[in-house]
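Participant: File model-v2.txt follows (compact mmCIF, C-alpha atoms):
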# COMPACT_ATOMS: atom_id res chain seq x y z
CA MET A 1 42.32 14.83 5.07
CA GLY A 2 41.80 18.31 6.49
CA TYR A 3 43.28 18.89 9.93
CA GLU A 4 39.79 19.50 11.35
CA LEU A 5 38.75 15.92 10.59
CA GLY A 6 42.05 14.55 11.91
CA VAL A 7 41.70 16.42 15.20
CA SER A 8 38.07 15.32 15.63
CA LEU A 9 39.00 11.66 15.10
CA ARG A 10 41.76 11.95 17.71
CA TYR A 11 39.33 13.44 20.19
CA ILE A 12 37.00 10.45 19.73
CA ARG A 13 39.74 8.01 20.79
CA SER A 14 39.71 7.47 24.53
CA LYS A 15 42.43 8.20 27.05
CA LYS A 16 42.52 7.15 30.68
CA ARG A 17 41.19 10.42 32.02
CA GLN A 18 38.46 10.58 29.35
CA LYS A 19 36.78 7.23 30.08
CA PHE A 20 33.55 8.90 31.24
CA ILE A 21 33.30 10.90 28.02
CA SER A 22 33.82 7.71 26.01
CA ILE A 23 30.98 5.99 27.89
CA ILE A 24 28.64 8.87 27.01
CA THR A 25 29.78 8.63 23.38
CA LEU A 26 29.08 4.88 23.39
CA LEU A 27 25.63 5.43 24.88
CA SER A 28 24.94 8.04 22.19
CA ILE A 29 25.86 5.56 19.47
CA ILE A 30 23.65 2.89 21.06
CA GLY A 31 20.72 5.33 21.35
CA ILE A 32 20.91 6.31 17.69
CA MET A 33 21.40 2.67 16.68
CA VAL A 34 18.28 1.55 18.58
CA GLY A 35 16.23 4.40 17.13
CA VAL A 36 17.30 3.69 13.55
CA MET A 37 16.77 -0.05 13.99
CA ALA A 38 13.27 0.46 15.45
CA LEU A 39 12.33 2.86 12.65
CA ILE A 40 13.45 0.46 9.92
CA ILE A 41 11.65 -2.53 11.46
CA VAL A 42 8.38 -0.68 12.18
CA LEU A 43 8.23 1.04 8.77
CA SER A 44 9.06 -2.22 6.98
CA VAL A 45 6.34 -4.08 8.89
CA MET A 46 3.77 -1.35 8.26
CA THR A 47 4.71 -1.28 4.58
CA GLY A 48 4.27 -5.05 4.56
CA PHE A 49 0.80 -4.69 6.08
CA GLU A 50 -0.10 -2.08 3.46
CA ASP A 51 1.19 -4.21 0.56
CA ASP A 52 -0.53 -7.33 1.91
CA LEU A 53 -3.83 -5.49 2.30
CA ARG A 54 -3.53 -3.91 -1.16
CA GLY A 55 -2.74 -7.29 -2.68
CA LYS A 56 -5.80 -8.90 -1.11
CA ILE A 57 -8.09 -6.06 -2.16
CA LEU A 58 -6.80 -5.99 -5.74
CA GLY A 59 -6.84 -9.78 -5.90
CA THR A 60 -10.62 -9.67 -5.54
CA ASN A 61 -11.41 -6.28 -7.08
CA ALA A 62 -10.35 -4.71 -10.35
CA HIS A 63 -8.03 -1.74 -10.70
CA ILE A 64 -10.73 0.33 -12.42
CA VAL A 65 -14.53 -0.06 -12.51
CA ILE A 66 -16.65 1.46 -15.28
CA LEU A 67 -20.29 2.17 -14.40
CA LYS A 68 -23.27 4.00 -15.83
CA PHE A 69 -25.08 6.83 -14.06
CA SER A 70 -28.51 5.22 -14.47
CA GLY A 71 -29.30 1.54 -14.94
CA GLY A 72 -27.02 -1.14 -16.31
CA ILE A 73 -24.85 -1.23 -19.41
CA ASP A 74 -26.48 -2.77 -22.51
CA ASN A 75 -23.73 -2.47 -25.11
CA TYR A 76 -20.94 -3.78 -22.91
CA ASN A 77 -19.42 -5.93 -25.68
CA SER A 78 -18.77 -2.85 -27.83
CA ILE A 79 -17.17 -1.04 -24.85
CA VAL A 80 -14.96 -4.07 -24.15
CA GLY A 81 -13.86 -4.05 -27.79
CA PHE A 82 -13.29 -0.28 -27.65
CA LEU A 83 -11.09 -0.49 -24.55
CA LYS A 84 -9.09 -3.44 -25.85
CA ASN A 85 -8.65 -2.49 -29.49
CA THR A 86 -9.82 0.94 -30.62
CA ILE A 87 -9.16 3.38 -27.76
CA LYS A 88 -5.74 4.30 -29.19
CA SER A 89 -7.15 4.96 -32.66
CA ASP A 90 -9.94 7.04 -31.08
CA ILE A 91 -7.35 9.14 -29.24
CA ASN A 92 -5.40 9.62 -32.48
CA LYS A 93 -8.57 10.65 -34.33
CA GLN A 94 -9.51 13.20 -31.67
CA TYR A 95 -5.96 14.55 -31.69
CA THR A 96 -6.08 14.99 -35.47
CA ASP A 97 -9.54 16.61 -35.36
CA GLN A 98 -8.53 19.03 -32.62
CA LYS A 99 -5.34 19.88 -34.43
CA ASN A 100 -7.20 20.61 -37.64
CA LYS A 101 -10.06 22.53 -36.04
CA LYS A 102 -7.79 24.20 -33.47
CA SER A 103 -10.54 23.81 -30.89
CA SER A 104 -11.15 21.67 -27.84
CA ASN A 105 -14.19 19.66 -26.89
CA ILE A 106 -15.52 20.27 -23.37
CA LEU A 107 -16.09 16.52 -22.95
CA HIS A 108 -12.39 15.95 -23.51
CA ALA A 109 -10.99 18.68 -21.29
CA PHE A 110 -8.67 16.14 -19.71
CA THR A 111 -6.85 15.78 -23.05
CA GLU A 112 -5.47 19.28 -22.63
CA GLU A 113 -3.77 18.39 -19.36
CA ILE A 114 -1.45 15.75 -20.80
CA SER A 115 0.24 15.26 -24.13
CA HIS A 116 -0.94 13.00 -26.92
CA ASP A 117 1.94 10.56 -26.32
CA GLU A 118 1.07 10.33 -22.63
CA LYS A 119 -2.55 9.49 -23.48
CA ILE A 120 -1.42 6.75 -25.84
CA SER A 121 0.85 5.42 -23.09
CA LEU A 122 -2.02 5.42 -20.57
CA ALA A 123 -4.29 3.64 -23.06
CA GLY A 124 -1.57 1.01 -23.44
CA GLN A 125 -1.81 0.31 -19.71
CA ILE A 126 -5.06 -1.64 -20.20
CA GLN A 127 -4.42 -5.37 -19.89
CA GLY A 128 -7.85 -6.93 -19.43
CA VAL A 129 -11.56 -6.04 -19.37
CA THR A 130 -14.45 -8.13 -18.07
CA PRO A 131 -18.17 -7.43 -17.42
CA PHE A 132 -19.72 -7.99 -14.01
CA ILE A 133 -23.06 -7.89 -12.22
CA TYR A 134 -23.40 -6.61 -8.68
CA SER A 135 -26.41 -7.25 -6.47
CA GLN A 136 -27.38 -8.05 -2.91
CA ALA A 137 -29.27 -11.18 -1.94
CA MET A 138 -29.88 -13.72 0.79
CA LEU A 139 -28.20 -17.10 0.82
CA SER A 140 -29.86 -19.93 2.70
CA SER A 141 -29.03 -23.54 3.51
CA HIS A 142 -30.65 -26.20 5.67
CA ASP A 143 -28.93 -24.76 8.75
CA ASN A 144 -28.70 -21.00 8.33
CA VAL A 145 -29.42 -17.89 6.26
CA THR A 146 -27.24 -14.83 5.68
CA GLY A 147 -26.97 -11.76 3.47
CA VAL A 148 -24.37 -11.74 0.70
CA VAL A 149 -23.03 -9.61 -2.11
CA LEU A 150 -23.79 -11.44 -5.33
CA ARG A 151 -21.39 -10.99 -8.23
CA GLY A 152 -21.96 -12.28 -11.71
CA VAL A 153 -18.73 -12.80 -13.66
CA ASP A 154 -17.71 -14.03 -17.08
CA PRO A 155 -15.75 -17.27 -16.43
CA THR A 156 -13.74 -16.80 -19.65
CA THR A 157 -12.43 -13.28 -18.93
CA VAL A 158 -12.60 -12.77 -15.13
CA THR A 159 -9.14 -14.33 -14.70
CA GLN A 160 -7.69 -11.54 -16.89
CA VAL A 161 -8.73 -8.96 -14.28
CA THR A 162 -8.87 -10.62 -10.83
CA ASP A 163 -7.05 -13.41 -9.00
CA LEU A 164 -10.20 -15.38 -8.20
CA SER A 165 -8.72 -18.61 -9.57
CA LYS A 166 -5.68 -18.27 -7.26
CA THR A 167 -7.88 -18.01 -4.17
CA LEU A 168 -9.93 -21.14 -4.86
CA ILE A 169 -9.61 -23.95 -2.32
CA ASN A 170 -12.02 -26.25 -4.17
CA GLY A 171 -13.48 -26.25 -7.65
CA SER A 172 -12.72 -24.07 -10.66
CA ILE A 173 -14.14 -20.94 -12.31
CA ALA A 174 -15.05 -22.88 -15.46
CA GLN A 175 -17.61 -24.85 -13.42
CA LEU A 176 -19.69 -21.67 -13.01
CA ALA A 177 -20.74 -21.83 -16.67
CA GLU A 178 -22.02 -25.41 -16.43
CA THR A 179 -25.47 -26.62 -15.39
CA TYR A 180 -26.12 -29.35 -12.84
CA LYS A 181 -28.97 -31.60 -11.82
CA ASP A 182 -30.68 -30.99 -8.49
CA PRO A 183 -30.58 -34.30 -6.57
CA GLU A 184 -34.00 -33.58 -5.02
CA SER A 185 -36.06 -32.34 -7.99
CA ASN A 186 -33.83 -33.38 -10.94
CA ALA A 187 -34.20 -29.80 -12.21
CA LYS A 188 -31.28 -28.01 -13.89
CA ILE A 189 -29.45 -25.63 -11.57
CA GLY A 190 -26.42 -23.39 -11.90
CA GLY A 191 -23.17 -23.25 -9.98
CA ILE A 192 -22.02 -20.83 -7.27
CA ILE A 193 -18.65 -20.09 -5.67
CA ILE A 194 -18.71 -18.87 -2.05
CA GLY A 195 -16.15 -17.78 0.53
CA LYS A 196 -14.68 -20.07 3.16
CA GLU A 197 -16.22 -18.20 6.09
CA LEU A 198 -19.58 -18.02 4.31
CA ALA A 199 -19.52 -21.79 3.77
CA ARG A 200 -18.72 -22.28 7.44
CA SER A 201 -21.55 -19.96 8.48
CA LEU A 202 -24.07 -21.76 6.27
CA GLY A 203 -22.78 -25.19 7.22
CA VAL A 204 -22.21 -26.28 3.61
CA VAL A 205 -19.26 -27.89 1.82
CA TYR A 206 -18.17 -28.30 -1.76
CA GLY A 207 -20.91 -30.03 -3.74
CA ASP A 208 -23.85 -29.01 -1.50
CA THR A 209 -26.75 -26.87 -2.69
CA VAL A 210 -27.87 -23.44 -1.43
CA ASN A 211 -30.81 -21.16 -2.18
CA ILE A 212 -30.38 -17.59 -3.40
CA ILE A 213 -33.25 -15.27 -2.42
CA SER A 214 -33.47 -11.92 -4.19
CA PRO A 215 -35.29 -9.00 -2.51
CA LEU A 216 -36.34 -7.87 -6.01
CA GLY A 217 -39.14 -10.39 -6.34
CA VAL A 218 -42.21 -10.87 -8.49
CA MET A 219 -45.38 -8.85 -7.94
CA THR A 220 -48.47 -11.05 -7.45
CA PRO A 221 -52.09 -10.39 -6.37
CA ILE A 222 -51.07 -11.15 -2.78
CA GLY A 223 -48.03 -8.84 -2.91
CA MET A 224 -44.32 -9.06 -3.63
CA ILE A 225 -42.91 -12.59 -3.60
CA PRO A 226 -39.12 -12.87 -3.33
CA ARG A 227 -37.41 -14.62 -6.20
CA MET A 228 -35.68 -17.85 -5.13
CA LYS A 229 -33.44 -20.27 -6.97
CA LYS A 230 -31.23 -23.20 -6.03
CA PHE A 231 -27.52 -23.36 -6.92
CA LYS A 232 -24.81 -25.95 -6.42
CA VAL A 233 -21.61 -24.98 -4.56
CA VAL A 234 -18.94 -25.62 -7.21
CA GLY A 235 -16.11 -23.72 -5.51
CA ILE A 236 -14.91 -22.31 -2.20
CA PHE A 237 -12.38 -19.46 -2.08
CA SER A 238 -10.23 -17.88 0.62
CA THR A 239 -8.83 -14.38 0.05
CA GLY A 240 -7.57 -13.81 3.59
CA MET A 241 -10.02 -10.90 3.99
CA TYR A 242 -12.85 -11.76 6.37
CA GLU A 243 -15.24 -9.28 4.73
CA TYR A 244 -14.87 -11.00 1.37
CA ASP A 245 -14.73 -14.58 2.62
CA SER A 246 -17.90 -14.16 4.70
CA GLY A 247 -20.08 -12.04 2.42
CA LEU A 248 -19.23 -12.63 -1.24
CA ALA A 249 -20.62 -15.16 -3.73
CA TYR A 250 -19.95 -15.59 -7.45
CA LEU A 251 -22.29 -16.71 -10.24
CA SER A 252 -21.69 -16.93 -13.95
CA LEU A 253 -22.77 -13.85 -15.90
CA ALA A 254 -25.52 -15.76 -17.72
CA HIS A 255 -26.98 -17.29 -14.54
CA ALA A 256 -26.88 -13.90 -12.74
CA GLN A 257 -28.64 -12.16 -15.67
CA SER A 258 -31.31 -14.86 -15.73
CA PHE A 259 -31.89 -14.88 -11.97
CA LEU A 260 -32.03 -11.06 -11.68
CA ASN A 261 -34.05 -10.59 -14.90
CA MET A 262 -31.43 -8.26 -16.35
CA GLY A 263 -31.65 -9.48 -19.92
CA ASN A 264 -28.38 -8.70 -21.69
CA ARG A 265 -27.42 -5.90 -19.31
CA VAL A 266 -24.54 -5.85 -16.83
CA THR A 267 -23.81 -3.61 -13.86
CA GLY A 268 -20.44 -2.48 -15.18
CA LEU A 269 -17.00 -3.38 -16.48
CA GLU A 270 -13.81 -4.16 -14.58
CA VAL A 271 -10.44 -3.15 -16.00
CA LYS A 272 -6.94 -4.34 -15.11
CA ILE A 273 -3.89 -2.19 -15.88
CA LYS A 274 -0.14 -2.75 -15.79
CA ASP A 275 0.84 -0.11 -13.22
CA ILE A 276 -1.66 0.01 -10.35
CA PHE A 277 -0.40 3.45 -9.27
CA LYS A 278 -1.54 4.97 -12.58
CA ALA A 279 -5.14 3.86 -11.98
CA ASN A 280 -6.44 7.40 -11.36
CA GLN A 281 -4.95 8.72 -14.61
CA VAL A 282 -6.18 5.78 -16.70
CA ALA A 283 -9.65 6.04 -15.11
CA ARG A 284 -9.87 9.72 -16.04
CA LEU A 285 -8.73 8.95 -19.59
CA ILE A 286 -11.33 6.16 -19.98
CA GLN A 287 -14.09 8.37 -18.59
CA ASN A 288 -13.26 11.18 -20.99
CA GLN A 289 -13.02 8.83 -23.97
CA LEU A 290 -16.35 7.14 -23.21
CA GLY A 291 -18.07 10.37 -22.16
CA PHE A 292 -21.44 10.75 -20.44
CA PRO A 293 -23.32 8.73 -19.06
CA TYR A 294 -20.35 6.51 -18.17
CA TYR A 295 -17.93 7.12 -15.33
CA ALA A 296 -14.85 5.29 -14.08
CA ARG A 297 -13.55 4.79 -10.54
CA SER A 298 -10.09 3.56 -9.61
CA TRP A 299 -9.18 1.34 -6.67
CA GLU A 300 -7.43 4.34 -5.07
CA GLU A 301 -10.70 6.31 -5.05
CA THR A 302 -12.71 3.37 -3.77
CA ASN A 303 -10.33 2.60 -0.89
CA ARG A 304 -9.04 6.12 -0.25
CA ASN A 305 -10.11 6.29 3.41
CA LEU A 306 -8.43 2.99 4.29
CA PHE A 307 -5.08 3.70 2.66
CA THR A 308 -5.07 7.33 3.86
CA ALA A 309 -5.49 6.05 7.42
CA LEU A 310 -2.59 3.59 6.93
CA LYS A 311 -0.39 6.36 5.54
CA LEU A 312 -1.25 8.66 8.46
CA GLU A 313 -0.50 5.86 10.94
CA LYS A 314 2.88 5.26 9.32
CA THR A 315 3.70 8.99 9.51
CA VAL A 316 2.73 9.17 13.19
CA MET A 317 4.86 6.11 13.98
CA PHE A 318 7.81 7.72 12.18
CA ILE A 319 7.46 10.89 14.25
CA ILE A 320 7.18 8.92 17.51
CA LEU A 321 10.18 6.71 16.80
CA ILE A 322 12.34 9.61 15.64
CA LEU A 323 12.19 10.73 19.30
CA ILE A 324 14.36 7.71 20.16
CA ILE A 325 17.00 9.04 17.79
CA MET A 326 16.67 12.45 19.46
CA VAL A 327 17.46 10.82 22.82
CA GLY A 328 20.69 9.53 21.29
CA ALA A 329 21.30 13.01 19.89
CA LEU A 330 21.04 14.47 23.38
CA GLY A 331 23.88 12.11 24.29
CA ILE A 332 25.90 13.66 21.46
CA VAL A 333 25.24 17.12 22.90
CA SER A 334 26.39 16.01 26.38
CA SER A 335 29.46 14.26 25.00
CA LEU A 336 30.54 17.24 22.90
CA ILE A 337 30.01 19.73 25.74
CA MET A 338 32.24 17.64 28.01
CA VAL A 339 34.85 17.34 25.27
CA VAL A 340 34.79 21.11 24.81
CA VAL A 341 35.37 21.60 28.54
CA GLU A 342 38.15 18.98 28.49
CA LYS A 343 39.83 20.43 25.39
CA THR A 344 39.60 24.13 26.26
CA LYS A 345 43.40 24.46 26.29
CA ASP A 346 43.71 22.67 22.93
CA ILE A 347 41.11 24.97 21.39
CA ALA A 348 42.95 28.03 22.65
CA ILE A 349 46.28 26.78 21.25
CA LEU A 350 44.68 26.03 17.88
CA LYS A 351 43.22 29.53 17.75
CA ALA A 352 46.57 31.04 18.75
CA LEU A 353 48.18 29.14 15.87
CA GLY A 354 45.70 30.66 13.42
CA ALA A 355 42.68 28.32 13.42
CA THR A 356 39.47 30.17 12.61
CA SER A 357 36.19 29.88 14.52
CA ARG A 358 34.79 28.04 11.49
CA SER A 359 37.56 25.43 11.72
CA ILE A 360 36.94 24.92 15.45
CA MET A 361 33.23 24.38 14.73
CA LYS A 362 34.11 21.86 12.04
CA ILE A 363 36.17 19.79 14.50
CA PHE A 364 33.23 19.22 16.83
CA VAL A 365 30.64 18.95 14.04
CA TYR A 366 32.73 16.17 12.47
CA GLN A 367 32.98 14.46 15.84
CA GLY A 368 29.20 14.53 16.36
CA LEU A 369 28.52 13.45 12.78
CA PHE A 370 30.94 10.55 13.17
CA ILE A 371 29.03 9.36 16.25
CA GLY A 372 25.73 9.75 14.39
CA PHE A 373 27.07 7.96 11.31
CA ILE A 374 28.33 4.97 13.32
CA GLY A 375 25.01 4.71 15.20
CA THR A 376 23.04 5.01 11.95
CA LEU A 377 25.15 2.42 10.16
CA LEU A 378 24.85 -0.08 13.01
CA GLY A 379 21.11 0.57 13.29
CA MET A 380 20.63 -0.04 9.56
CA LEU A 381 22.63 -3.29 9.68
CA PHE A 382 20.79 -4.66 12.73
CA GLY A 383 17.43 -3.44 11.36
CA TYR A 384 18.04 -5.17 8.03
CA ALA A 385 19.15 -8.37 9.76
CA LEU A 386 16.05 -8.48 11.99
CA CYS A 387 13.75 -7.76 9.03
CA VAL A 388 15.35 -10.65 7.11
CA LEU A 389 14.87 -12.94 10.12
CA LEU A 390 11.22 -11.86 10.50
CA LYS A 391 10.58 -12.45 6.82
CA GLN A 392 12.41 -15.77 6.68
CA TYR A 393 11.50 -17.52 9.91
CA HIS A 394 8.20 -15.83 10.99
CA PHE A 395 9.06 -16.19 14.68
CA ILE A 396 6.45 -13.58 15.70
CA SER A 397 2.97 -15.07 15.30
CA LEU A 398 -0.35 -13.21 15.30
CA PRO A 399 -3.85 -14.41 16.25
CA LYS A 400 -5.41 -15.23 12.89
CA ASP A 401 -8.95 -14.66 14.10
CA VAL A 402 -8.05 -11.02 14.87
CA TYR A 403 -5.62 -10.01 12.09
CA TYR A 404 -6.42 -12.78 9.57
CA ILE A 405 -2.70 -13.27 8.95
CA ASP A 406 -0.40 -15.66 10.79
CA THR A 407 2.80 -13.61 10.95
CA LEU A 408 4.11 -10.09 10.55
CA PRO A 409 4.44 -9.19 6.86
CA VAL A 410 7.75 -7.45 6.10
CA THR A 411 8.49 -5.40 2.99
CA MET A 412 11.94 -3.82 2.83
CA ARG A 413 12.36 -0.94 0.40
CA PRO A 414 15.49 1.12 -0.30
CA GLY A 415 13.48 4.31 0.19
CA ILE A 416 12.79 3.40 3.84
CA PHE A 417 16.51 2.95 4.58
CA VAL A 418 17.39 6.21 2.81
CA ILE A 419 14.74 8.26 4.65
CA VAL A 420 15.68 6.83 8.05
CA ALA A 421 19.42 7.28 7.47
CA VAL A 422 19.05 10.87 6.25
CA SER A 423 16.75 11.72 9.18
CA ALA A 424 19.21 10.27 11.71
CA ILE A 425 22.16 12.14 10.20
CA ILE A 426 20.22 15.43 10.18
CA VAL A 427 19.24 14.99 13.84
CA SER A 428 22.89 14.22 14.70
CA PHE A 429 24.05 17.31 12.82
CA LEU A 430 21.56 19.55 14.62
CA ALA A 431 22.81 18.15 17.94
CA THR A 432 26.37 19.33 17.15
CA ILE A 433 25.53 22.97 16.44
CA TYR A 434 25.31 24.33 20.00
CA PRO A 435 28.47 22.67 21.44
CA SER A 436 30.45 23.53 18.30
CA TYR A 437 29.33 27.14 18.40
CA LYS A 438 30.30 27.49 22.07
CA ALA A 439 33.72 25.96 21.34
CA SER A 440 34.34 28.40 18.48
CA LYS A 441 33.63 31.38 20.77
CA LEU A 442 36.20 30.50 23.45
CA PRO A 443 38.68 33.43 23.85
CA PRO A 444 42.26 32.01 23.44
CA ALA A 445 44.03 34.79 25.36
CA GLU A 446 42.04 34.45 28.57
CA THR A 447 42.16 30.65 28.41
CA LEU A 448 45.99 30.48 28.06
CA ARG A 449 46.57 33.22 30.65
CA TYR A 450 45.50 30.93 33.51
CA GLU A 451 47.27 27.80 32.23
Could you show the structure in this file as structure tokens?
Facilitator:
Amino acid sequence: MGYELGVSLRYIRSKKRQKFISIITLLSIIGIMVGVMALIIVLSVMTGFEDDLRGKILGTNAHIVILKFSGGIDNYNSIVGFLKNTIKSDINKQYTDQKNKKSSNILHAFTEEISHDEKISLAGQIQGVTPFIYSQAMLSSHDNVTGVVLRGVDPTTVTQVTDLSKTLINGSIAQLAETYKDPESNAKIGGIIIGKELARSLGVVYGDTVNIISPLGVMTPIGMIPRMKKFKVVGIFSTGMYEYDSGLAYLSLAHAQSFLNMGNRVTGLEVKIKDIFKANQVARLIQNQLGFPYYARSWEETNRNLFTALKLEKTVMFIILILIIMVGALGIVSSLIMVVVEKTKDIAILKALGATSRSIMKIFVYQGLFIGFIGTLLGMLFGYALCVLLKQYHFISLPKDVYYIDTLPVTMRPGIFVIVAVSAIIVSFLATIYPSYKASKLPPAETLRYE
């Protein structure tokens, strides 16, 4: 090793008359360790919250939604077939036409931004497509009435796009397509799946019947009469999101079309892709391939405000907790200044023997970096251990009625550890600059003259 590193390591080792300096060094290490540990735990927990929230949202909603500017979509079967089977061939045909004509179509301006191979790759991201109907209605039982979001889904394809089947507590999605007999009137009725909180609010259980009341009623000589129909509760789901569990109800596509008088139309199409973080790119590609009057929205666009707020909160927490590391860095500054005062004679002798100012700076920079490295390493080890304990044993519980989760979710990612470690080392390095600079400027002649 270079002599600068050797000298700095010797200075770190304590002697009897340097006990106070060693205590400051130890406190500096502890300060950096606590800061690094707190950063890792907080960022891992906040990342866990973000992943848990994203998982619940995408478990109920699709990655991409295709809608029409006016009215519903009539030819949704042809669009489903296009997205599943012929979108790649359509991209290839457009590429060939543009290459031959050496011109670009204004409706496909997006195709100029990425290469042909990238478009084919994005088209290959599509895993599943299903039609849906979206409407608002009232749901009533013998005990209560409440407003709900009504969603009509295709029981055969909805599982390709959402995790509705995984959230079911009772019943199955296939039961939506069946018809049942009303125990009171013996009339044929359809099935409905409602959220756990909605069932609790209405006072119904699996197998009971509820009435759906649509505000889009029938015009009669005495005015508008709301449309009403009875359905049997054939499933209860729990997503872990209060907004969904208390205000969402599912019907089969056929029953929703019949009840809402939509004929063969649907509100839109839901698309699932392989990589959720490419949703914006795939949505733009789909929109440009379908053209007007269709448009596509990704889950990132729909929930932008929520996830932007989470990202901002995580950034603010990082800035606040980095101050703890800066407190430890102030200990490094104090420790190095006292070492410089203690080793003034040694510095003068080293300079007299030919050591440069740069070499003197290196001695104290290495010493400060060593303190920062030890504190960072210990903080990362303790932070990792506590995150593992939180994830494994869930010893910190949360009120479920407030957060709708029982324990702190923890997601550890290598990027978090790298960012925290690099930040701590940089702060430690900055703390060494002033003491090292002052040490390098000590005049050896004047120092040795009075020794």
Participant: Show which residues sit within 7 Å of A:Ala296, as a list in words. Count only C-alpha atoms, and ignore same-chain residues fewer than 3 positions away.
Facilitator: Ile64, Val65, Ile66, Leu67, Ala283, Arg284, Ile286 and Gln287 of chain A
Participant: Stretch 225-258 of chain A near stretch 116-139 of chain A within 9 Å: what's each residue's closest atom pair and its distance in Å to one decimal, counting all atoms listed in the file, ordered by chain then ascending residue number, as JSON lines?
Facilitator:
{"residue": "A:Leu253", "atom": "CA", "partner": "A:Phe132", "partner_atom": "CA", "distance": 6.9}
{"residue": "A:Ala256", "atom": "CA", "partner": "A:Ile133", "partner_atom": "CA", "distance": 7.1}
{"residue": "A:Gln257", "atom": "CA", "partner": "A:Ile133", "partner_atom": "CA", "distance": 7.8}
Participant: Got a sec: who's within 6 Å of stretch 245-251 of chain A, counting all atoms listed in the file, leaving out chain neighbours fewer than 4 positions off, as a VMD selection string?
Facilitator: chain A and resid 148 to 152 192 to 198 238 256
Participant: Quick check, in Å to one decimal: how far apart do atom CA of A:Val271 and atom CA of A:Thr179 lie?
Facilitator: 27.9 Å
Participant: Neighbouring residues of stretch 349-357 of chain A were defined as those with any atom within 7 Å, considering all atoms listed in the file; residues of the same chain fewer than 4 positions away were excluded. Please report them as a PyMOL selection string.
Facilitator: chain A and resi 345+361+440-441+444
Participant: From the list A:Thr432, A:Ser397, A:Gln98, A:Ser22, which residue is nearest A:Ile363 when using all atoms listed in the file?
Facilitator: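 Using all atoms listed in the file, A:Ile363 sits closest to A:Thr432.
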Participant: Can you measure atom CA of A:Gly59 to atom CA of A:Thr239 for me? One decimal in Å is fine.
Facilitator: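 According to the coordinates, atom CA of A:Gly59 and atom CA of A:Thr239 are separated by 7.8 Å.
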Participant: Mind checking which residues fall within 9 Å of A:Ala421, counting only C-alpha atoms, ignoring those fewer than 2 positions away in the same chain, and posting them as JSON, numbers by chain?
Facilitator: {"A": [36, 373, 376, 377, 380, 416, 417, 418, 419, 423, 424, 425, 426]}
Participant: Quick one, how far is atom CA of A:Gln367 from atom CA of A:Ile319?
Facilitator: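 Separation of atom CA of A:Gln367 and atom CA of A:Ile319: 25.8 Å.
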Participant: When distances are computed from all atoms listed in the file, which of A:Glu313, A:Pro409, A:Ser165, A:Thr86 shows the smallest separation from A:Tyr393?
Facilitator: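 Closest to A:Tyr393, using all atoms listed in the file: A:Pro409.
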Participant: Smallest atom-to-atom distance to A:Tyr244: which of A:Ile57, A:Ile337, A:Ile189, A:Ile405, using only C-alpha atoms?
Facilitator: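 Closest to A:Tyr244 of all the choices is A:Ile57.
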Participant: Pick the closest to A:His63 from A:Lys391, A:Lys311, A:Lys438, A:Arg297: which is it, counting only C-alpha atoms?
Facilitator: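 Of the candidates, the smallest distance to A:His63 is held by A:Arg297.
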Participant: Here is a test: counting all atoms listed in the file, which residue of A:Ala329, A:Ile169, A:His394, A:Val420 is nearest to A:Leu408?
Facilitator: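 Nearest to A:Leu408: A:His394.
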Participant: Between A:Ile371, A:Ala62, A:Val145, A:Leu43, which is the closest to A:Ile320 once you count all atoms listed in the file?
Facilitator: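 Nearest to A:Ile320: A:Leu43.
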Participant: Can you put N, CA and C atoms back into stretch 58-66 of chain A and show it as an mmCIF file, in the coordinates of the input?
Facilitator:
data_model
loop_
_atom_site.group_PDB
_atom_site.id
_atom_site.type_symbol
_atom_site.label_atom_id
_atom_site.label_comp_id
_atom_site.auth_asym_id
_atom_site.auth_seq_id
_atom_site.Cartn_x
_atom_site.Cartn_y
_atom_site.Cartn_z
ATOM 1 N N LEU A 58 -6.893 -5.963 -4.288
ATOM 2 C CA LEU A 58 -6.800 -5.990 -5.740
ATOM 3 C C LEU A 58 -6.842 -7.402 -6.303
ATOM 4 N N GLY A 59 -6.675 -8.406 -5.448
ATOM 5 C CA GLY A 59 -6.840 -9.780 -5.900
ATOM 6 C C GLY A 59 -8.291 -10.122 -6.139
ATOM 7 N N THR A 60 -9.177 -9.424 -5.418
ATOM 8 C CA THR A 60 -10.620 -9.670 -5.540
ATOM 9 C C THR A 60 -11.300 -8.611 -6.397
ATOM 10 N N ASN A 61 -10.800 -7.384 -6.344
ATOM 11 C CA ASN A 61 -11.410 -6.280 -7.080
ATOM 12 C C ASN A 61 -10.498 -5.833 -8.222
ATOM 13 N N ALA A 62 -11.107 -5.207 -9.208
ATOM 14 C CA ALA A 62 -10.350 -4.710 -10.350
ATOM 15 C C ALA A 62 -9.663 -3.395 -10.021
ATOM 16 N N HIS A 63 -8.725 -3.015 -10.878
ATOM 17 C CA HIS A 63 -8.030 -1.740 -10.700
ATOM 18 C C HIS A 63 -8.938 -0.561 -11.005
ATOM 19 N N ILE A 64 -9.803 -0.732 -12.010
ATOM 20 C CA ILE A 64 -10.730 0.330 -12.420
ATOM 21 C C ILE A 64 -12.098 -0.295 -12.684
ATOM 22 N N VAL A 65 -13.153 0.391 -12.267
ATOM 23 C CA VAL A 65 -14.530 -0.060 -12.510
ATOM 24 C C VAL A 65 -15.242 0.998 -13.337
ATOM 25 N N ILE A 66 -15.885 0.564 -14.414
ATOM 26 C CA ILE A 66 -16.650 1.460 -15.280
ATOM 27 C C ILE A 66 -18.142 1.211 -15.037
#
